[in-house]
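J.: Sharing structure-v4.txt, compact mmCIF, C-alpha atoms:
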```txt
# COMPACT_ATOMS: atom_id res chain seq x y z
CA MET A 1 -39.24 -48.02 83.98
CA TYR A 2 -38.35 -47.97 80.28
CA ARG A 3 -41.63 -46.31 79.30
CA LYS A 4 -41.42 -43.62 82.00
CA VAL A 5 -37.68 -42.90 82.21
CA TRP A 6 -35.23 -44.65 79.91
CA LYS A 7 -37.11 -44.12 76.67
CA ARG A 8 -36.89 -40.35 77.16
CA VAL A 9 -33.22 -40.57 78.17
CA LEU A 10 -32.43 -42.51 75.01
CA ASP A 11 -34.42 -40.03 72.91
CA ILE A 12 -32.30 -37.15 74.24
CA LEU A 13 -28.98 -38.97 73.84
CA LEU A 14 -29.62 -40.42 70.39
CA SER A 15 -31.25 -37.33 68.88
CA GLY A 16 -28.53 -35.09 70.33
CA LEU A 17 -25.79 -37.31 68.91
CA ALA A 18 -27.52 -37.46 65.52
CA ILE A 19 -27.82 -33.67 65.39
CA LEU A 20 -24.11 -33.26 66.18
CA LEU A 21 -23.10 -35.77 63.52
CA LEU A 22 -25.54 -34.70 60.81
CA TRP A 23 -25.42 -30.89 61.01
CA PRO A 24 -23.29 -30.69 57.80
CA LEU A 25 -26.00 -32.68 55.99
CA PHE A 26 -28.65 -30.32 57.41
CA LEU A 27 -26.71 -27.39 55.94
CA ILE A 28 -26.25 -29.06 52.53
CA LEU A 29 -29.95 -29.90 52.28
CA ALA A 30 -30.94 -26.38 53.32
CA VAL A 31 -28.79 -24.79 50.61
CA TRP A 32 -30.01 -27.29 47.99
CA ILE A 33 -33.67 -26.61 48.79
CA ARG A 34 -33.21 -22.83 48.60
CA LEU A 35 -31.39 -23.04 45.27
CA ASP A 36 -33.87 -25.50 43.78
CA SER A 37 -37.16 -23.65 44.34
CA GLU A 38 -38.76 -20.61 45.93
CA GLY A 39 -39.95 -20.87 49.51
CA PRO A 40 -38.67 -21.58 53.01
CA VAL A 41 -36.23 -24.37 53.82
CA LEU A 42 -38.50 -25.85 56.47
CA PHE A 43 -42.08 -27.01 56.03
CA ARG A 44 -44.36 -26.59 59.06
CA GLN A 45 -47.64 -28.40 59.54
CA THR A 46 -50.05 -28.73 62.46
CA ARG A 47 -50.04 -32.26 63.85
CA ILE A 48 -51.49 -34.11 66.83
CA GLY A 49 -49.12 -34.73 69.72
CA ILE A 50 -49.41 -36.50 73.06
CA HIS A 51 -52.89 -36.38 74.65
CA LYS A 52 -54.19 -34.88 71.38
CA THR A 53 -52.41 -31.56 71.92
CA THR A 54 -51.27 -29.88 68.71
CA PHE A 55 -47.77 -28.90 67.63
CA GLU A 56 -46.04 -27.84 64.43
CA ILE A 57 -44.05 -30.65 62.89
CA LEU A 58 -40.87 -29.67 61.04
CA LYS A 59 -39.69 -31.15 57.76
CA PHE A 60 -37.36 -30.10 55.02
CA ARG A 61 -39.62 -28.64 52.33
CA THR A 62 -40.00 -30.98 49.37
CA MET A 63 -43.00 -29.39 47.68
CA LYS A 64 -43.70 -26.10 45.95
CA LYS A 65 -44.54 -23.26 48.32
CA ASP A 66 -48.17 -23.06 47.12
CA ALA A 67 -48.91 -26.80 47.54
CA PRO A 68 -51.96 -27.74 49.68
CA ASN A 69 -50.88 -27.71 53.32
CA ASP A 70 -53.36 -29.82 55.29
CA VAL A 71 -53.71 -32.87 53.05
CA PRO A 72 -51.65 -36.06 53.54
CA THR A 73 -49.35 -36.27 50.53
CA HIS A 74 -50.28 -39.88 49.80
CA LEU A 75 -53.85 -38.67 49.16
CA PHE A 76 -52.85 -36.17 46.48
CA SER A 77 -54.20 -37.14 43.06
CA ASP A 78 -51.38 -35.19 41.38
CA SER A 79 -48.57 -35.23 43.94
CA HIS A 80 -45.81 -35.21 41.33
CA HIS A 81 -47.02 -31.82 40.11
CA TRP A 82 -46.27 -30.32 43.52
CA ILE A 83 -43.02 -32.06 44.44
CA THR A 84 -39.83 -30.15 43.61
CA ARG A 85 -36.84 -31.64 41.80
CA ALA A 86 -34.80 -31.75 44.99
CA GLY A 87 -37.86 -32.94 46.88
CA ARG A 88 -38.15 -36.13 44.82
CA ILE A 89 -34.74 -37.29 45.98
CA ILE A 90 -35.10 -36.02 49.54
CA ARG A 91 -38.47 -37.75 49.98
CA ARG A 92 -37.30 -41.08 48.57
CA SER A 93 -34.53 -41.22 51.15
CA SER A 94 -36.76 -39.84 53.98
CA LEU A 95 -34.22 -37.06 54.58
CA ASP A 96 -37.12 -34.60 54.80
CA GLU A 97 -37.86 -35.99 58.28
CA LEU A 98 -34.45 -35.05 59.75
CA PRO A 99 -35.55 -31.72 61.37
CA GLN A 100 -37.77 -33.79 63.67
CA LEU A 101 -34.60 -34.80 65.51
CA LEU A 102 -34.74 -31.32 67.04
CA GLN A 103 -38.32 -31.95 68.16
CA ILE A 104 -37.33 -35.28 69.68
CA PHE A 105 -34.52 -33.57 71.60
CA VAL A 106 -36.90 -31.00 73.15
CA GLY A 107 -39.57 -33.59 73.99
CA LYS A 108 -42.33 -32.96 71.46
CA MET A 109 -41.70 -36.30 69.79
CA SER A 110 -39.98 -39.63 70.40
CA ILE A 111 -37.75 -41.63 68.09
CA VAL A 112 -40.30 -44.46 68.05
CA GLY A 113 -44.04 -43.97 68.41
CA PRO A 114 -47.19 -43.47 66.32
CA ARG A 115 -46.55 -41.07 63.45
CA PRO A 116 -48.26 -37.75 64.36
CA ALA A 117 -51.60 -37.42 62.58
CA LEU A 118 -52.67 -34.26 60.80
CA TRP A 119 -55.05 -32.19 62.92
CA ASN A 120 -57.87 -32.97 60.45
CA GLN A 121 -57.34 -36.74 60.21
CA TYR A 122 -60.32 -37.26 62.47
CA ASP A 123 -60.83 -40.90 61.48
CA LEU A 124 -57.26 -41.86 62.42
CA ILE A 125 -57.37 -39.88 65.67
CA GLU A 126 -60.67 -41.55 66.63
CA GLU A 127 -59.36 -45.02 65.83
CA ARG A 128 -56.22 -44.41 67.90
CA ASP A 129 -58.39 -43.40 70.84
CA LYS A 130 -59.68 -46.98 70.98
CA TYR A 131 -56.16 -48.19 71.75
CA GLY A 132 -54.84 -45.30 73.87
CA ALA A 133 -52.35 -44.52 71.11
CA ASN A 134 -53.03 -40.77 71.36
CA ASP A 135 -51.66 -40.76 74.91
CA ILE A 136 -48.00 -41.37 74.10
CA LEU A 137 -45.47 -39.19 72.28
CA PRO A 138 -45.68 -39.41 68.49
CA GLY A 139 -42.62 -40.82 66.79
CA LEU A 140 -40.20 -40.29 63.94
CA THR A 141 -40.94 -43.90 63.03
CA GLY A 142 -43.33 -46.49 64.35
CA LEU A 143 -44.76 -49.97 64.06
CA ALA A 144 -47.22 -48.92 61.33
CA GLN A 145 -44.39 -47.38 59.29
CA VAL A 146 -42.49 -50.67 59.15
CA ASN A 147 -45.64 -52.65 58.35
CA GLY A 148 -46.98 -50.83 55.32
CA ARG A 149 -46.65 -47.08 55.82
CA ASP A 150 -48.62 -45.23 53.10
CA VAL A 151 -50.48 -48.28 51.80
CA LEU A 152 -52.20 -49.13 55.10
CA TYR A 153 -55.85 -48.41 55.80
CA VAL A 154 -56.64 -46.14 58.77
CA GLU A 155 -57.92 -49.06 60.86
CA ASP A 156 -54.71 -51.02 60.29
CA LYS A 157 -52.50 -48.04 61.16
CA ALA A 158 -54.39 -47.50 64.41
CA ARG A 159 -54.20 -51.21 65.26
CA PHE A 160 -50.42 -51.24 64.83
CA ASP A 161 -50.14 -48.03 66.90
CA GLY A 162 -52.25 -49.66 69.60
CA GLU A 163 -50.07 -52.75 69.58
CA TYR A 164 -47.01 -50.58 70.08
CA THR A 165 -48.67 -48.62 72.89
CA ALA A 166 -49.56 -51.80 74.73
CA HIS A 167 -46.21 -53.56 74.32
CA MET A 168 -43.68 -50.71 74.25
CA SER A 169 -40.20 -51.89 75.27
CA PHE A 170 -36.53 -51.34 74.54
CA GLY A 171 -36.40 -54.54 72.47
CA MET A 172 -39.43 -53.51 70.44
CA ASP A 173 -37.95 -50.08 69.75
CA LEU A 174 -34.69 -51.66 68.54
CA LYS A 175 -36.61 -53.99 66.23
CA ILE A 176 -38.64 -51.09 64.78
CA LEU A 177 -35.49 -48.99 64.25
CA TRP A 178 -33.81 -51.83 62.37
CA LYS A 179 -36.90 -52.41 60.22
CA THR A 180 -37.06 -48.67 59.56
CA VAL A 181 -33.54 -48.69 58.13
CA VAL A 182 -34.50 -51.59 55.88
CA ALA A 183 -37.74 -49.89 54.82
CA VAL A 184 -35.95 -46.63 53.96
CA VAL A 185 -33.30 -48.43 51.91
CA THR A 186 -35.84 -50.56 50.04
CA ARG A 187 -38.57 -47.84 50.01
CA LYS A 188 -40.98 -50.49 51.30
CA GLY A 189 -44.49 -49.07 51.72
CA PHE A 190 -43.58 -45.71 50.22
CA LYS A 191 -46.24 -44.58 47.75
CA GLU A 192 -46.97 -41.13 46.35
CA GLY A 193 -50.49 -39.84 45.83
CA GLU A 194 -52.51 -41.88 43.38
CA HIS A 195 -50.09 -44.82 43.65
CA ALA A 196 -51.02 -45.38 47.29
CA ASN A 197 -54.70 -45.46 46.41
CA GLU A 198 -54.09 -47.83 43.49
CA HIS A 199 -52.19 -50.20 45.76
CA ARG A 200 -55.07 -50.29 48.24
CA LYS A 201 -57.58 -51.02 45.49
CA GLU A 202 -55.45 -53.88 44.19
CA ASN A 203 -55.59 -55.48 47.64
CA GLU A 204 -59.33 -55.07 48.25
```
How does this structure look as structure tokens?
T.:
Amino acid sequence: MYRKVWKRVLDILLSGLAILLLWPLFLILAVWIRLDSEGPVLFRQTRIGIHKTTFEILKFRTMKKDAPNDVPTHLFSDSHHWITRAGRIIRRSSLDELPQLLQIFVGKMSIVGPRPALWNQYDLIEERDKYGANDILPGLTGLAQVNGRDVLYVEDKARFDGEYTAHMSFGMDLKILWKTVVAVVTRKGFKEGEHANEHRKENE
């Protein structure tokens, strides 16, 4: 019942409430981004949704307008060259993800679920297929995000996404949301570009 009904109800209620409460912050961030650098306020990127359909994810733009579009930021070898001054602060606090609340409200995403893969992350998409993790709504946060985020290997991300898919519940979602708050505050697992790759090498 939770998976089929109540999860969606909670997504609508919580995202709607968050949008109502945070709209002044949305406005402040939009003005800051426009004043800080040239380009649109919102960044759009093609991602994989439920059943491997595609959709355009929305984020507050944190990079220069001519930055590469279809490359995961943690794989950039020179990410700091592309990130704007405002973007550095917005990314550290994960405020760039806030526009996805709108996508949760309309049903393209869920609050908790596998983070939507880029359309060209074929290895991650294929690994998720093994666990059925491509057949649920992607999330604003997920089990992989609170267990390593950018420093995880593809196989580990898919395994965590599969674990969530198999054991999805209200209690699990609450636990992931709490761990997400802790991870954002402590920046646990957040690595930019070459730093993510260095961390992986150190643990090989």
J.: Using all atoms listed in the file, which of the listed residues (A:Asp66, A:Glu56, A:Arg85, A:Gly16) sits closest to Trp32 in chain A?
T.: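 Using all atoms listed in the file, the shortest distance to Trp32 in chain A belongs to A:Arg85.
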J.: Give me the residues within 8 Å of Ser15 in chain A as a tab-separated table (two decimals) with C-alpha atoms, in the coordinates of the input, counting all atoms listed in the file and dropping any in the same chain fewer than 5 places off.
T.:
```tsv
chain	number	residue	atom	x	y	z
A	101	LEU	CA	-34.60	-34.80	65.51
A	102	LEU	CA	-34.74	-31.32	67.04
A	104	ILE	CA	-37.33	-35.28	69.68
A	105	PHE	CA	-34.52	-33.57	71.60
A	111	ILE	CA	-37.75	-41.63	68.09
```
J.: Which one of A:Ile48, A:Leu58, A:Ala144, A:Ile176 sits closest to Ala117 in chain A if you count only C-alpha atoms?
T.: A:Ile48
J.: Considering only C-alpha atoms, state which residue in the set A:Trp119, A:Val112, A:Leu152, A:Leu42 is at the smallest distance from Lys175 in chain A.
T.: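 Distance minimum relative to Lys175 in chain A lands on A:Val112.
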J.: State, in Å with one decimal place, the distance from CA of Arg115 in chain A to CA of Tyr164 in chain A.
T.: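 Spanning CA of Arg115 in chain A to CA of Tyr164 in chain A is a straight-line distance of 11.6 Å.
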J.: Determine the nearest neighbour of Gly148 in chain A from the options A:Ala133, A:Val9, A:Ala183, A:Leu27, counting all atoms listed in the file.
T.: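 Smallest separation from Gly148 in chain A among the options: A:Ala183.
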J.: Report, as lines of an AutoDock Vina configuration file, the centre and edge lengths in Å (one decimal) of the axis-aligned box enclosing every listed atom of range 2-18 of chain A, padded by 5 Å on each side.
T.:
```
center_x = -33.7
center_y = -41.5
center_z = 73.9
size_x = 25.8
size_y = 22.9
size_z = 26.7
```
J.: With all atoms listed in the file as the atoms that count, which of A:Pro24, A:Asp129, A:Glu155, A:Thr84 lies nearest to Glu38 in chain A?
T.: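 Closest to Glu38 in chain A of all the choices is A:Thr84.
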